[in-house]
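Everything below belongs to upload-v8.cif, which stores mmCIF, C-alpha atoms (C1' of nucleotides).
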```
data_target
#
loop_
_atom_site.label_atom_id
_atom_site.label_comp_id
_atom_site.auth_asym_id
_atom_site.auth_seq_id
_atom_site.Cartn_x
_atom_site.Cartn_y
_atom_site.Cartn_z
CA MET A 1 0.00 0.00 0.00
CA ILE A 2 1.15 3.46 -0.97
CA LYS A 3 1.81 6.13 1.60
CA LEU A 4 -0.50 9.10 1.04
CA ASP A 5 -0.49 12.41 2.77
CA ARG A 6 -3.28 14.90 3.09
CA ALA A 7 -2.50 16.54 -0.24
CA ASP A 8 -2.49 13.23 -2.13
CA VAL A 9 -5.85 12.38 -0.64
CA ALA A 10 -7.35 15.73 -1.53
CA LEU A 11 -6.12 15.34 -5.08
CA LEU A 12 -7.42 11.81 -5.47
CA GLU A 13 -10.81 12.63 -4.05
CA ALA A 14 -11.15 15.60 -6.41
CA LEU A 15 -10.01 13.63 -9.44
CA GLN A 16 -12.37 10.78 -8.73
CA VAL A 17 -15.14 13.25 -9.45
CA ASN A 18 -13.52 15.32 -12.19
CA CYS A 19 -10.21 14.47 -13.76
CA ARG A 20 -10.21 17.48 -16.07
CA LEU A 21 -9.31 19.96 -13.35
CA THR A 22 -6.32 22.16 -14.21
CA SER A 23 -3.21 22.17 -12.09
CA GLU A 24 -4.22 25.60 -10.90
CA GLU A 25 -7.56 24.30 -9.64
CA LEU A 26 -5.89 21.34 -8.04
CA SER A 27 -3.37 23.58 -6.31
CA GLU A 28 -6.22 25.32 -4.51
CA ILE A 29 -7.63 21.99 -3.42
CA ALA A 30 -4.33 20.54 -2.22
CA HIS A 31 -2.70 23.74 -0.97
CA LEU A 32 0.41 23.14 -3.06
CA SER A 33 1.74 24.87 -6.13
CA PRO A 34 0.42 23.75 -9.51
CA THR A 35 3.78 22.17 -10.29
CA ALA A 36 3.76 20.08 -7.16
CA CYS A 37 0.27 18.87 -7.99
CA GLN A 38 1.36 17.82 -11.45
CA ARG A 39 4.28 15.89 -10.05
CA ARG A 40 2.12 14.14 -7.53
CA LEU A 41 -0.31 13.09 -10.20
CA LYS A 42 2.51 11.87 -12.35
CA ARG A 43 3.69 9.78 -9.43
CA LEU A 44 0.22 8.51 -8.52
CA ARG A 45 -0.38 7.44 -12.12
CA ALA A 46 3.04 5.81 -12.42
CA GLU A 47 2.44 3.87 -9.21
CA GLY A 48 -0.95 2.62 -10.31
CA VAL A 49 -2.86 4.44 -7.61
CA ILE A 50 -4.72 6.15 -10.41
CA GLU A 51 -5.51 3.19 -12.63
CA ALA A 52 -7.19 5.07 -15.45
CA ASP A 53 -8.67 8.36 -16.50
CA ILE A 54 -11.91 7.72 -18.32
CA SER A 55 -14.97 9.42 -19.73
CA VAL A 56 -18.27 8.02 -18.52
CA VAL A 57 -20.62 7.88 -21.49
CA SER A 58 -24.35 7.76 -20.95
CA PRO A 59 -25.48 4.41 -22.34
CA LYS A 60 -28.98 5.68 -23.06
CA ALA A 61 -27.72 8.74 -24.91
CA VAL A 62 -25.92 6.49 -27.36
CA GLY A 63 -28.67 3.96 -27.87
CA ARG A 64 -27.79 1.40 -25.27
CA GLN A 65 -31.21 1.29 -23.68
CA ILE A 66 -30.69 -1.52 -21.25
CA THR A 67 -28.19 -2.36 -18.59
CA MET A 68 -28.21 -5.79 -17.03
CA ILE A 69 -26.73 -7.21 -13.89
CA VAL A 70 -25.87 -10.84 -14.40
CA LEU A 71 -24.99 -13.37 -11.71
CA VAL A 72 -22.95 -16.16 -13.27
CA SER A 73 -22.26 -19.61 -11.86
CA LEU A 74 -19.54 -21.79 -13.34
CA GLU A 75 -19.66 -25.53 -13.81
CA ARG A 76 -16.78 -25.90 -11.35
CA GLU A 77 -14.54 -23.54 -9.48
CA ARG A 78 -11.37 -24.86 -10.99
CA VAL A 79 -8.52 -22.40 -11.54
CA ASP A 80 -8.37 -22.94 -15.30
CA ILE A 81 -12.10 -22.42 -15.70
CA VAL A 82 -12.10 -19.33 -13.52
CA ASP A 83 -9.15 -17.85 -15.36
CA ARG A 84 -10.72 -18.61 -18.70
CA PHE A 85 -13.89 -16.82 -17.72
CA LYS A 86 -11.93 -13.87 -16.36
CA ALA A 87 -10.20 -13.59 -19.72
CA ALA A 88 -13.56 -13.75 -21.49
CA ILE A 89 -14.80 -10.88 -19.35
CA ARG A 90 -11.78 -8.76 -20.19
CA ASP A 91 -12.09 -9.53 -23.91
CA THR A 92 -15.77 -8.74 -24.19
CA ARG A 93 -16.54 -5.09 -24.63
CA GLU A 94 -20.22 -5.38 -23.74
CA VAL A 95 -19.15 -6.36 -20.25
CA MET A 96 -18.42 -3.07 -18.52
CA ILE A 97 -17.81 -4.46 -15.06
CA GLY A 98 -16.91 -7.95 -13.92
CA TYR A 99 -16.22 -9.03 -10.36
CA TYR A 100 -15.24 -12.47 -9.12
CA VAL A 101 -17.27 -12.95 -5.94
CA THR A 102 -18.23 -15.21 -3.07
CA GLY A 103 -21.82 -15.98 -2.31
CA ASP A 104 -24.78 -16.74 -4.54
CA ALA A 105 -22.74 -16.62 -7.69
CA ASP A 106 -19.18 -16.88 -8.95
CA PHE A 107 -19.16 -13.73 -10.99
CA ILE A 108 -21.26 -10.63 -11.23
CA LEU A 109 -21.28 -8.68 -14.45
CA VAL A 110 -22.68 -5.39 -15.64
CA ILE A 111 -23.61 -5.50 -19.29
CA THR A 112 -25.18 -3.00 -21.68
CA ALA A 113 -27.18 -3.77 -24.81
CA ARG A 114 -29.14 -1.83 -27.41
CA ASP A 115 -32.36 -3.61 -26.54
CA MET A 116 -33.67 -6.98 -25.40
CA GLU A 117 -32.91 -8.50 -28.75
CA GLY A 118 -29.33 -7.32 -28.50
CA TYR A 119 -29.08 -8.72 -25.02
CA GLU A 120 -30.45 -12.06 -26.15
CA GLN A 121 -27.88 -12.26 -28.89
CA PHE A 122 -25.23 -11.48 -26.36
CA THR A 123 -26.42 -14.22 -23.98
CA ARG A 124 -26.36 -16.69 -26.83
CA ARG A 125 -22.82 -15.87 -27.71
CA PHE A 126 -21.39 -15.29 -24.25
CA PHE A 127 -23.30 -17.66 -22.00
CA TYR A 128 -25.06 -20.41 -23.87
CA GLU A 129 -22.09 -21.20 -26.07
CA ASN A 130 -19.71 -21.34 -23.14
CA PRO A 131 -19.56 -24.86 -21.64
CA ASP A 132 -17.85 -23.52 -18.50
CA ILE A 133 -21.04 -21.83 -17.42
CA LYS A 134 -23.60 -23.72 -15.37
CA GLY A 135 -26.14 -20.94 -15.18
CA PHE A 136 -26.77 -17.26 -14.99
CA LYS A 137 -29.40 -14.98 -13.57
CA THR A 138 -30.28 -11.57 -14.98
CA MET A 139 -31.51 -8.47 -13.21
CA VAL A 140 -32.66 -5.55 -15.33
CA VAL A 141 -31.37 -2.16 -14.28
CA MET A 142 -34.28 0.26 -14.13
CA ASP A 143 -32.31 3.23 -12.90
CA ARG A 144 -28.57 3.88 -12.87
CA VAL A 145 -28.89 5.73 -9.59
CA LYS A 146 -25.18 6.21 -9.20
CA ALA A 147 -22.48 5.11 -11.55
CA GLY A 148 -18.91 5.89 -10.68
CA PHE A 149 -15.91 4.59 -8.86
CA ALA A 150 -15.41 7.36 -6.31
CA PHE A 151 -15.01 6.43 -2.69
CA PRO A 152 -13.66 8.21 0.38
CA ILE A 153 -9.93 7.99 0.91
CA ASP A 154 -8.27 8.11 4.30
CA VAL A 155 -4.99 9.81 5.18
CA ASP A 156 -2.35 7.28 6.26
CA MET B 1 -31.24 9.90 -28.31
CA ILE B 2 -28.44 11.90 -29.81
CA LYS B 3 -27.42 11.51 -33.39
CA LEU B 4 -23.82 10.32 -33.63
CA ASP B 5 -21.70 9.92 -36.71
CA ARG B 6 -18.67 7.77 -37.19
CA ALA B 7 -16.33 10.40 -35.84
CA ASP B 8 -18.37 10.91 -32.66
CA VAL B 9 -18.35 7.19 -32.07
CA ALA B 10 -14.63 6.90 -32.58
CA LEU B 11 -14.05 9.72 -30.13
CA LEU B 12 -16.35 8.31 -27.50
CA GLU B 13 -14.89 4.84 -27.70
CA ALA B 14 -11.38 6.22 -27.36
CA LEU B 15 -12.31 8.47 -24.44
CA GLN B 16 -14.04 5.68 -22.57
CA VAL B 17 -10.62 4.12 -22.26
CA ASN B 18 -8.46 7.21 -21.88
CA CYS B 19 -9.89 10.71 -21.50
CA ARG B 20 -6.47 12.36 -21.34
CA LEU B 21 -5.79 12.07 -25.05
CA THR B 22 -4.80 15.36 -26.70
CA SER B 23 -6.83 16.83 -29.51
CA GLU B 24 -3.99 15.88 -31.83
CA GLU B 25 -4.25 12.25 -30.82
CA LEU B 26 -8.02 12.35 -31.13
CA SER B 27 -7.78 13.89 -34.59
CA GLU B 28 -5.92 10.82 -35.79
CA ILE B 29 -8.56 8.59 -34.32
CA ALA B 30 -11.51 10.51 -35.72
CA HIS B 31 -9.97 11.71 -38.97
CA LEU B 32 -10.89 15.33 -38.26
CA SER B 33 -8.79 18.33 -37.37
CA PRO B 34 -7.88 18.80 -33.71
CA THR B 35 -10.19 21.79 -33.53
CA ALA B 36 -13.17 19.85 -34.79
CA CYS B 37 -12.48 17.15 -32.22
CA GLN B 38 -12.44 19.72 -29.46
CA ARG B 39 -15.74 21.13 -30.58
CA ARG B 40 -17.32 17.74 -30.76
CA LEU B 41 -16.22 16.91 -27.26
CA LYS B 42 -17.51 20.21 -26.04
CA ARG B 43 -20.86 19.38 -27.61
CA LEU B 44 -20.91 15.82 -26.33
CA ARG B 45 -20.20 17.02 -22.80
CA ALA B 46 -22.79 19.80 -23.01
CA GLU B 47 -25.40 17.33 -24.22
CA GLY B 48 -24.72 14.86 -21.44
CA VAL B 49 -23.47 12.14 -23.73
CA ILE B 50 -20.25 12.30 -21.77
CA GLU B 51 -21.57 12.35 -18.24
CA ALA B 52 -18.28 12.70 -16.43
CA ASP B 53 -14.53 12.49 -16.77
CA ILE B 54 -13.10 10.64 -13.83
CA SER B 55 -9.95 9.07 -12.50
CA VAL B 56 -10.31 5.46 -11.41
CA VAL B 57 -8.40 5.02 -8.18
CA SER B 58 -7.25 1.58 -7.10
CA PRO B 59 -9.11 0.89 -3.86
CA LYS B 60 -6.41 -1.49 -2.64
CA ALA B 61 -3.62 0.99 -3.31
CA VAL B 62 -5.27 3.44 -0.95
CA GLY B 63 -6.15 1.04 1.81
CA ARG B 64 -9.65 0.03 0.81
CA GLN B 65 -8.99 -3.69 0.97
CA ILE B 66 -12.48 -4.95 0.41
CA THR B 67 -15.17 -4.38 -2.14
CA MET B 68 -18.64 -5.71 -1.53
CA ILE B 69 -21.61 -6.32 -3.75
CA VAL B 70 -24.80 -5.89 -1.79
CA LEU B 71 -28.28 -6.92 -2.86
CA VAL B 72 -30.80 -4.80 -0.99
CA SER B 73 -34.51 -5.47 -0.53
CA LEU B 74 -36.82 -2.74 0.69
CA GLU B 75 -39.75 -3.14 3.05
CA ARG B 76 -42.09 -2.08 0.29
CA GLU B 77 -41.72 -0.80 -3.25
CA ARG B 78 -43.45 2.47 -2.63
CA VAL B 79 -42.29 5.50 -4.59
CA ASP B 80 -41.35 7.52 -1.52
CA ILE B 81 -39.33 4.67 -0.03
CA VAL B 82 -37.56 3.99 -3.31
CA ASP B 83 -36.76 7.65 -3.82
CA ARG B 84 -35.53 7.97 -0.27
CA PHE B 85 -33.16 5.06 -0.73
CA LYS B 86 -31.95 6.42 -4.06
CA ALA B 87 -31.10 9.66 -2.31
CA ALA B 88 -29.27 7.75 0.40
CA ILE B 89 -27.20 6.00 -2.25
CA ARG B 90 -26.27 9.30 -3.86
CA ASP B 91 -25.38 10.88 -0.51
CA THR B 92 -23.18 8.05 0.69
CA ARG B 93 -19.65 8.15 -0.58
CA GLU B 94 -18.82 4.57 0.30
CA VAL B 95 -21.39 3.49 -2.25
CA MET B 96 -19.57 3.67 -5.56
CA ILE B 97 -22.29 2.18 -7.71
CA GLY B 98 -26.00 1.83 -7.10
CA TYR B 99 -28.54 0.39 -9.52
CA TYR B 100 -32.28 0.04 -9.03
CA VAL B 101 -33.11 -3.40 -10.42
CA THR B 102 -35.75 -6.02 -11.05
CA GLY B 103 -35.31 -9.56 -9.85
CA ASP B 104 -33.97 -10.99 -6.64
CA ALA B 105 -33.41 -7.61 -5.05
CA ASP B 106 -34.53 -4.01 -5.35
CA PHE B 107 -31.11 -2.46 -5.46
CA ILE B 108 -27.61 -3.63 -6.09
CA LEU B 109 -24.73 -1.69 -4.63
CA VAL B 110 -20.96 -1.75 -4.92
CA ILE B 111 -19.31 -0.62 -1.70
CA THR B 112 -15.69 -0.31 -0.58
CA ALA B 113 -14.38 -0.47 2.96
CA ARG B 114 -10.99 -0.47 4.66
CA ASP B 115 -11.58 -3.90 6.19
CA MET B 116 -14.35 -6.09 7.57
CA GLU B 117 -14.65 -3.91 10.61
CA GLY B 118 -15.14 -0.87 8.45
CA TYR B 119 -17.72 -2.71 6.41
CA GLU B 120 -19.58 -3.77 9.54
CA GLN B 121 -19.70 -0.19 10.75
CA PHE B 122 -21.01 0.82 7.39
CA THR B 123 -23.76 -1.83 7.45
CA ARG B 124 -24.77 -0.64 10.91
CA ARG B 125 -25.12 2.90 9.78
CA PHE B 126 -26.49 2.37 6.31
CA PHE B 127 -28.60 -0.76 6.54
CA TYR B 128 -29.52 -1.65 10.09
CA GLU B 129 -30.47 1.86 11.04
CA ASN B 130 -32.64 2.34 7.99
CA PRO B 131 -36.23 1.14 8.60
CA ASP B 132 -36.98 1.11 4.88
CA ILE B 133 -34.72 -1.87 4.40
CA LYS B 134 -36.11 -5.36 4.79
CA GLY B 135 -32.87 -7.16 4.16
CA PHE B 136 -29.60 -7.26 2.35
CA LYS B 137 -27.23 -9.89 1.10
CA THR B 138 -23.48 -9.39 0.72
CA MET B 139 -21.09 -10.90 -1.77
CA VAL B 140 -17.37 -10.32 -1.24
CA VAL B 141 -15.43 -9.29 -4.30
CA MET B 142 -12.34 -11.45 -4.59
CA ASP B 143 -11.09 -9.98 -7.82
CA ARG B 144 -12.00 -6.77 -9.62
CA VAL B 145 -11.57 -8.50 -12.97
CA LYS B 146 -12.76 -5.50 -14.93
CA ALA B 147 -13.81 -2.16 -13.59
CA GLY B 148 -14.86 0.51 -16.02
CA PHE B 149 -17.81 1.86 -17.88
CA ALA B 150 -16.65 1.36 -21.45
CA PHE B 151 -18.98 -0.35 -23.89
CA PRO B 152 -19.16 -0.54 -27.67
CA ILE B 153 -21.02 2.29 -29.39
CA ASP B 154 -22.86 1.94 -32.68
CA VAL B 155 -23.05 4.51 -35.45
CA ASP B 156 -26.63 5.78 -35.91
"C1'" DA C 1 24.42 18.81 14.64
"C1'" DT C 2 25.52 17.04 9.43
"C1'" DT C 3 24.47 14.88 5.10
"C1'" DG C 4 21.97 12.87 1.42
"C1'" DT C 5 17.59 12.47 -0.59
"C1'" DT C 6 13.31 14.11 -1.90
"C1'" DA C 7 9.96 17.61 -2.69
"C1'" DC C 8 9.07 22.26 -3.32
"C1'" DG C 9 8.16 26.84 -5.93
"C1'" DC C 10 9.60 29.87 -9.62
"C1'" DA C 11 10.58 31.10 -14.27
"C1'" DG C 12 10.44 30.16 -18.76
"C1'" DG C 13 9.92 27.01 -22.74
"C1'" DA C 14 6.88 23.72 -24.99
"C1'" DT C 15 2.49 22.03 -25.84
"C1'" DT C 16 -2.33 22.16 -25.87
"C1'" DT C 17 -6.73 24.42 -25.83
"C1'" DA C 18 -9.78 28.08 -27.16
"C1'" DT C 19 -11.32 31.51 -30.39
"C1'" DG C 20 -12.31 34.17 -34.58
"C1'" DC C 21 -12.72 33.99 -39.36
"C1'" DA C 22 -13.38 32.32 -43.97
"C1'" DT C 23 -14.86 28.46 -46.36
"C1'" DA C 24 -17.01 23.93 -47.00
"C1'" DT C 25 -20.71 20.87 -46.14
"C1'" DT C 26 -25.28 19.54 -45.06
"C1'" DG C 27 -30.22 19.59 -44.90
"C1'" DG C 28 -34.57 21.37 -46.24
"C1'" DA C 29 -37.68 23.74 -49.42
"C1'" DC C 30 -38.92 24.21 -53.98
"C1'" DG D 1 -31.96 19.04 -59.86
"C1'" DT D 2 -31.01 24.28 -57.61
"C1'" DC D 3 -30.85 27.58 -53.92
"C1'" DC D 4 -30.27 29.16 -49.38
"C1'" DA D 5 -29.72 29.04 -44.47
"C1'" DA D 6 -27.69 26.63 -40.90
"C1'" DT D 7 -24.05 24.07 -39.30
"C1'" DA D 8 -19.46 22.19 -39.30
"C1'" DT D 9 -14.88 22.50 -40.78
"C1'" DG D 10 -9.81 23.83 -40.98
"C1'" DC D 11 -6.48 27.44 -40.41
"C1'" DA D 12 -4.09 30.88 -37.88
"C1'" DT D 13 -3.35 32.89 -33.73
"C1'" DA D 14 -4.07 34.14 -28.89
"C1'" DA D 15 -4.52 32.35 -24.40
"C1'" DA D 16 -4.06 28.86 -21.14
"C1'" DT D 17 -1.92 25.00 -19.37
"C1'" DC D 18 1.63 21.61 -18.87
"C1'" DC D 19 6.46 20.41 -18.53
"C1'" DT D 20 11.29 21.10 -17.35
"C1'" DG D 21 15.44 22.93 -15.21
"C1'" DC D 22 17.19 25.16 -11.38
"C1'" DG D 23 17.94 26.69 -6.76
"C1'" DT D 24 16.14 26.15 -2.27
"C1'" DA D 25 13.54 24.04 1.46
"C1'" DA D 26 12.15 20.15 3.99
"C1'" DC D 27 12.71 15.62 5.63
"C1'" DA D 28 14.89 11.37 7.29
"C1'" DA D 29 18.82 8.92 8.89
"C1'" DT D 30 22.99 9.02 11.39
#
```

Written as structure tokens, how would this file's structure read?
Amino acid sequence: MIKLDRADVALLEALQVNCRLTSEELSEIAHLSPTACQRRLKRLRAEGVIEADISVVSPKAVGRQITMIVLVSLERERVDIVDRFKAAIRDTREVMIGYYVTGDADFILVITARDMEGYEQFTRRFFYENPDIKGFKTMVVMDRVKAGFAFPIDVD
Amino acid sequence: MIKLDRADVALLEALQVNCRLTSEELSEIAHLSPTACQRRLKRLRAEGVIEADISVVSPKAVGRQITMIVLVSLERERVDIVDRFKAAIRDTREVMIGYYVTGDADFILVITARDMEGYEQFTRRFFYENPDIKGFKTMVVMDRVKAGFAFPIDVD
DNA sequence: ATTGTTACGCAGGATTTATGCATATTGGAC
DNA sequence: GTCCAATATGCATAAATCCTGCGTAACAAT
């Protein structure tokens, strides 16, 4: 785990919400000069603390009308099967989020599709044609109440 | 739904992965001048197609060792109760993602905590003390296989 | 205390973004 | 098809922002 001071935390919390802030704006938040802020960000990105800087696109605005939560159970929890499914998740662009979990299912996925027909086609390709999968259960997202990855960060 | 041409799509798909690309880099992707790319992004942001530009921070790197998926069931599916819980989701920073869903549960949440103790404290505050909640079920995330919001976008 | 390392702020250069203008393209009416 | 208004484009340039080098300050170890 990386050692973070108060300024790092302030920067990270701000950037989790808006990563297009200028160094000037960040300097006000972190109480450092703009240059120091830049350097810290450079370090935080190099160290993998900041994993990515991404734009969140509204699925609905671009024609992806449905979002599905899918609980997936595998035939067996063997390492090779798990790893194979992890790779499938990473290689499949319709899968926005994929977590390997304990509990009711082995994996939980968040998937977008144009419509139900699109989702059905996806299930055919991704689930039914995959012999590693024992079953899956779908929940339709009716409202993306909150979609982000921001969380509170504590000073070390 | 917003009308998107090939260039818009190329831009959006690139920015879903990396929103720190320069206009020059984007111009190569979209086959437009850098200025035109800037204008398109300005429009896409103004129209809400791009909802946010965010940095994804590694929870583990900053001491948030556990991520939980929580299925929440409400006492009743009355509008006021649902809206109240949606507001609670939005107001609670530990909740990174919150979807209102059909199926086994009413809501599905993604929550980070420092450790099990931190998660327990959170459940006390957020679930047990909320009379609107009938029950909740937790799944521990063992591997954040894929965490992002990128999906494929079709040309209109 | 000293010393070495790391981080800082400042100044200035390099790069990127924003803006205004002229021109090109597109969409709608006929 | 033509014509015209609206919209989008690329270019040039101004403004803003980022990056780098340097000297100094701060910190950690002894």

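Atom CA of Glu51 of chain B lies 12.4 Å from atom CA of Cys19 of chain A.
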
Practice task
Would you translate the PyMOL selection byres ((chain A and resi 80-84) around 12) into the concrete set of residues it matches in this file, as an NGL selection string?
Solution key: (:A and (72-79 or 85-91 or 99-101 or 106-107 or 130-134)) or (:B and (142-143 or 145))

Exercise for the section: Check which residues satisfy the PyMOL selection byres ((chain D and resi 28) around 9) in the file shown, then give them as a VMD selection string. Expected result: (chain C and resid 5) or (chain D and resid 27 29)

Problem - Separation of atom CA of Glu13 of chain B from atom CA of Thr67 of chain A in Å - result: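 Atom-to-atom, atom CA of Thr67 of chain A to atom CA of Glu13 of chain B, that is 17.7 Å.
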
Report the residues retrieved by the PyMOL selection byres ((chain B) within 10 of (chain C)) from the displayed file, expressed as a PDB file with C-alpha atoms, keeping the file's coordinate frame.
```pdb
ATOM      1  CA  THR B  22      -4.800  15.360 -26.700  1.00  0.00           C
ATOM      2  CA  SER B  23      -6.830  16.830 -29.510  1.00  0.00           C
ATOM      3  CA  GLU B  24      -3.990  15.880 -31.830  1.00  0.00           C
ATOM      4  CA  PRO B  34      -7.880  18.800 -33.710  1.00  0.00           C
ATOM      5  CA  THR B  35     -10.190  21.790 -33.530  1.00  0.00           C
ATOM      6  CA  GLN B  38     -12.440  19.720 -29.460  1.00  0.00           C
ATOM      7  CA  ARG B  39     -15.740  21.130 -30.580  1.00  0.00           C
TER       8      ARG B  39
END
```

Select from chain D every residue with an atom at most 12 Å from any atom of chain A, then for each give the shortest pair of atoms and their distance in Å to one decimal, using all atoms listed in the file, rows by chain and rising number, as JSON lines.
```
{"residue": "D:DA16", "atom": "C1'", "partner": "A:Thr22", "partner_atom": "CA", "distance": 9.9}
{"residue": "D:DT17", "atom": "C1'", "partner": "A:Thr22", "partner_atom": "CA", "distance": 7.4}
{"residue": "D:DC18", "atom": "C1'", "partner": "A:Gln38", "partner_atom": "CA", "distance": 8.3}
{"residue": "D:DC19", "atom": "C1'", "partner": "A:Thr35", "partner_atom": "CA", "distance": 8.8}
{"residue": "D:DT20", "atom": "C1'", "partner": "A:Thr35", "partner_atom": "CA", "distance": 10.4}
```

Exercise for the section: Dump as a ChimeraX atom specification the residues of chain B that approach chain A to within 7 Å, counting all atoms listed in the file. Expected result: /B:1-2,15-20,49-58,61-63,86,90,93-94,96-103,139-153

Exercise for the section: Could you please give me, as a PyMOL selection string, the residues of protein, DNA or RNA lying at most 12 Å from (-7.4, 14.0, -35.8) in the coordinate frame of the file, considering all atoms listed in the file? Expected result: (chain B and resi 7-8+10-11+21-38+40) or (chain D and resi 10)

Keeping only C-alpha atoms (C1' of nucleotides), write those residues as a PDB file, in the frame of the given file.
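Contents of part.pdb, freshly written:
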```pdb
ATOM      1  CA  ALA B   7     -16.330  10.400 -35.840  1.00  0.00           C
ATOM      2  CA  ASP B   8     -18.370  10.910 -32.660  1.00  0.00           C
ATOM      3  CA  ALA B  10     -14.630   6.900 -32.580  1.00  0.00           C
ATOM      4  CA  LEU B  11     -14.050   9.720 -30.130  1.00  0.00           C
ATOM      5  CA  LEU B  21      -5.790  12.070 -25.050  1.00  0.00           C
ATOM      6  CA  THR B  22      -4.800  15.360 -26.700  1.00  0.00           C
ATOM      7  CA  SER B  23      -6.830  16.830 -29.510  1.00  0.00           C
ATOM      8  CA  GLU B  24      -3.990  15.880 -31.830  1.00  0.00           C
ATOM      9  CA  GLU B  25      -4.250  12.250 -30.820  1.00  0.00           C
ATOM     10  CA  LEU B  26      -8.020  12.350 -31.130  1.00  0.00           C
ATOM     11  CA  SER B  27      -7.780  13.890 -34.590  1.00  0.00           C
ATOM     12  CA  GLU B  28      -5.920  10.820 -35.790  1.00  0.00           C
ATOM     13  CA  ILE B  29      -8.560   8.590 -34.320  1.00  0.00           C
ATOM     14  CA  ALA B  30     -11.510  10.510 -35.720  1.00  0.00           C
ATOM     15  CA  HIS B  31      -9.970  11.710 -38.970  1.00  0.00           C
ATOM     16  CA  LEU B  32     -10.890  15.330 -38.260  1.00  0.00           C
ATOM     17  CA  SER B  33      -8.790  18.330 -37.370  1.00  0.00           C
ATOM     18  CA  PRO B  34      -7.880  18.800 -33.710  1.00  0.00           C
ATOM     19  CA  THR B  35     -10.190  21.790 -33.530  1.00  0.00           C
ATOM     20  CA  ALA B  36     -13.170  19.850 -34.790  1.00  0.00           C
ATOM     21  CA  CYS B  37     -12.480  17.150 -32.220  1.00  0.00           C
ATOM     22  CA  GLN B  38     -12.440  19.720 -29.460  1.00  0.00           C
ATOM     23  CA  ARG B  40     -17.320  17.740 -30.760  1.00  0.00           C
TER      24      ARG B  40
ATOM     25  C1'  DG D  10      -9.810  23.830 -40.980  1.00  0.00           C
TER      26       DG D  10
END
```

Handout entry: Interatomic distance, atom CA of Ile66 of chain B to atom CA of Arg124 of chain B (Å, one decimal)
Key =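 Taking atom CA of Ile66 of chain B and atom CA of Arg124 of chain B, their separation equals 16.7 Å.
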